[in-house]
Amino acid sequence: MSFTSLGLSAPLLKAIKEQGYDKPTPIQAQSIPIILKRQDILAGAQTGTGKTAGFTLPMLELLNRAKPSRDKKAHHVKVLILTPTRELASQVEESVRIYGKHLPFKSTVIFGGVKINPQITALRRGVEIVVATPGRLLDHISQKTINLSKVDFLILDEADRMLDMGFVNDIKKVIAVLPKERQTLLFSATYSDEIKKLSQKFLRSPALIEVARRNTSSETVKQAVYPVDKERKRELLTHLINKGKWTQVLVFTRTKHGANRLSGQLEKDSISSVAIHGNKSQNARTKALADFKAGKIRVLVATDIAARGIDIDQLPHVVNYELPNVSEDYVHRIGRTGRAGHEGEAVSLVCVDENEFLENIEKLINKDIPKIWEKGFKPDPSIKAEPINMGGNRGARNKPRGGNGGNRNGGRNSNSSRNSNRSRSR
């Protein structure tokens with residue numbers, strides 16, 4: 001199957017060809033024809049399967065087919081795309097611009113953590129497509145700086161993460177101001193029961209698409225576990241990077257402090273590194289990601305939420321410096337590599353404290369991950385497991401310091417703190 005057989009017009013096919021693509025991925029092949037029939041969809045697909053193009057291309061096609069406004073200067077918001085993080089919002093809007101470069105439509109991205117006035121200016125100039133995080137979008141709605149009364153398409157991207165981050169009520173508030181007659185597309189990295197419940201509220205007789213089995217790890221990713229003492233993880237990581245001559249490595253830690261500390265240690269080992277997490281400014285995160293993509297930095301150390309929007313087609317290496325306590329997050333993490341048919345490697349450095357996490361992950365993905373005992377780094381069998389401080393991650397076995405309990409967003413459920421945190425953390 002080729003893109004030419006999916007019913008896309010010449011301007012889109014030209015943009016696709018310019019990107020070097022000739023065959024659609026499974027999620028694209030299934031979703032594009034259904035969306036073009038103006039049917040709602042509920043799509044479950046792992047990250048890296050091409051789902052962004054799976055909704056961007058048909059959305060642009062339908063916009064292009066629609067009758068133009070009598071007022072050629074008028075630009076009404078016709079498409080609203082909601083994403084959980086500002087990094088993902090930026091990348092989705094970039095895809096819209098790339099695939100729509102030969103079409104007359106304008107787009108903009110709005111999220112918190114930056115000044116709102118430039119966003120207001122862009123909206124006043126007129127756009128057909130808005131990509132937004134829920135919190136900042138509600139700010140615009142409350143200030144009446146955006147008009148959503150003519151929206152024809154609502155797309156919820158990475159809906160599972162929006163649920164995880166506590167955006168359900170925000171999504172309901174946004175949907176309340178949208179026209180009832182619209183096409184709604186819900187895309188999710190995992191296809192959970194919670195997602196199905198969400199779809200029953202917002203979708204009308206949706207077509208169900210599931211490309212990958214529920215909670216499976218990508219078959220294009222070579223996985224390995226390196227048992228090691230906790231205190232020697234950084235030493236082993238440096239050893240593996242230098243031994244393998246790795247030039248582009250995404251490393252996951254559980255906490256922001258841990259990301260900063262590890263990045264600094266790697267720099268001392270003469271390995272260029274930078275950390276990204278929620279406490280970093282948007283400009284700093286954008287620059288770090290750009291430098292990493294360009295090969296100016298060998299190692300990007302990230303927390304789960306900060307890395308959610310990272311989309312690099314041929315990222316070769318992902319390292320779990322610390323295993324996630326939520327098994328599904330392991331699938332999300334290693335989904336950063338092995339994308340679009342390319343092979344990737346996911347390495348986990350596991351100390352005795354994390355053996356229970358490893359067992360749960362192996363149960364979830366229904367396979368044993370091969371263990372490699374690196375020479376000179378065999379763990380000390382006399383060391384006993386100790387409880388792990390999750391630093392505020394959900395599902396934590398031990399309540400972290402700071403009074404936020406297991407809420408990974410620092411009080412997202414508190415009405416008093418939600419508004420103040422929304423623009424800062426999204």
# chains A, B, ... in the order shown; residues from 1 in each chain; ligands from 1
$ residues_around --residues "Arg333 of chain A" --least-positions-apart "3" --cutoff "9 Å" --atoms "only C-alpha atoms" --output "mmCIF file with N, CA, C and O atoms, in the first residue's frame"
data_model
loop_
_atom_site.group_PDB
_atom_site.id
_atom_site.type_symbol
_atom_site.label_atom_id
_atom_site.label_comp_id
_atom_site.auth_asym_id
_atom_site.auth_seq_id
_atom_site.Cartn_x
_atom_site.Cartn_y
_atom_site.Cartn_z
ATOM 1 N N PHE A 252 16.682 7.768 31.300
ATOM 2 C CA PHE A 252 15.556 8.081 32.176
ATOM 3 C C PHE A 252 15.924 7.950 33.652
ATOM 4 O O PHE A 252 16.542 6.964 34.065
ATOM 5 N N ASP A 304 10.082 11.087 33.113
ATOM 6 C CA ASP A 304 9.065 10.515 32.229
ATOM 7 C C ASP A 304 8.218 11.578 31.539
ATOM 8 O O ASP A 304 8.024 11.540 30.322
ATOM 9 N N ALA A 307 10.031 13.728 28.904
ATOM 10 C CA ALA A 307 10.426 13.007 27.692
ATOM 11 C C ALA A 307 9.244 12.593 26.840
ATOM 12 O O ALA A 307 9.424 12.082 25.740
ATOM 13 N N ARG A 308 8.033 12.839 27.317
ATOM 14 C CA ARG A 308 6.852 12.324 26.627
ATOM 15 C C ARG A 308 6.739 12.817 25.197
ATOM 16 O O ARG A 308 6.293 12.099 24.314
ATOM 17 N N VAL A 318 18.120 3.878 24.397
ATOM 18 C CA VAL A 318 17.397 4.353 25.576
ATOM 19 C C VAL A 318 17.924 3.589 26.778
ATOM 20 O O VAL A 318 18.075 2.364 26.727
ATOM 21 N N VAL A 319 18.205 4.323 27.855
ATOM 22 C CA VAL A 319 18.708 3.683 29.073
ATOM 23 C C VAL A 319 17.789 4.016 30.237
ATOM 24 O O VAL A 319 17.491 5.185 30.497
ATOM 25 N N ASN A 320 17.321 2.978 30.908
ATOM 26 C CA ASN A 320 16.592 3.155 32.164
ATOM 27 C C ASN A 320 17.620 3.162 33.281
ATOM 28 O O ASN A 320 18.020 2.106 33.783
ATOM 29 N N GLU A 328 3.751 0.274 33.023
ATOM 30 C CA GLU A 328 3.389 0.803 31.709
ATOM 31 C C GLU A 328 4.363 1.883 31.251
ATOM 32 O O GLU A 328 4.572 2.075 30.043
ATOM 33 N N ASP A 329 4.965 2.616 32.200
ATOM 34 C CA ASP A 329 5.911 3.663 31.831
ATOM 35 C C ASP A 329 7.163 3.087 31.172
ATOM 36 O O ASP A 329 7.830 3.763 30.391
ATOM 37 N N TYR A 330 7.487 1.830 31.497
ATOM 38 C CA TYR A 330 8.612 1.172 30.844
ATOM 39 C C TYR A 330 8.350 1.064 29.343
ATOM 40 O O TYR A 330 9.235 1.323 28.510
ATOM 41 N N ARG A 336 10.599 5.167 22.813
ATOM 42 C CA ARG A 336 11.331 6.295 22.226
ATOM 43 C C ARG A 336 12.310 5.821 21.157
ATOM 44 O O ARG A 336 12.739 6.608 20.314
ATOM 45 N N THR A 337 12.710 4.534 21.210
ATOM 46 C CA THR A 337 13.620 3.974 20.219
ATOM 47 C C THR A 337 12.891 2.884 19.444
ATOM 48 O O THR A 337 11.775 2.517 19.765
ATOM 49 N N ALA A 346 17.272 -0.843 24.167
ATOM 50 C CA ALA A 346 16.821 -0.336 25.464
ATOM 51 C C ALA A 346 17.544 -1.100 26.565
ATOM 52 O O ALA A 346 17.390 -2.316 26.703
#
$ residues_around --residues "Gln282 of chain A" --least-positions-apart "6" --cutoff "9 Å" --atoms "only C-alpha atoms" --output "list in words"
Arg86, Glu87, Gly112, Gly113 and Val114 of chain A
$ select_by_dssp --residues "segment 174-281 of chain A" --states "alpha helix (DSSP H)" --output "MDAnalysis selection string"
chainID A and resid 174:176 193:202 233:244 256:268
$ atom_distance --atom1 "atom CA of Ala288 of chain A" --atom2 "atom CA of Val301 of chain A"
10.0 Å
$ select_by_dssp --residues "segment 159-408 of chain A" --states "strand (DSSP E or B)" --output "ChimeraX atom specification"
/A:183-188,207-210,221-227,249-252,273-276,299-302,317-320,344-350,371
$ residues_around --residues "Ser95 of chain A" --least-positions-apart "3" --cutoff "9 Å" --atoms "only C-alpha atoms" --output "NGL selection string"
:A and (52-53 or 56 or 90-92 or 98-100)
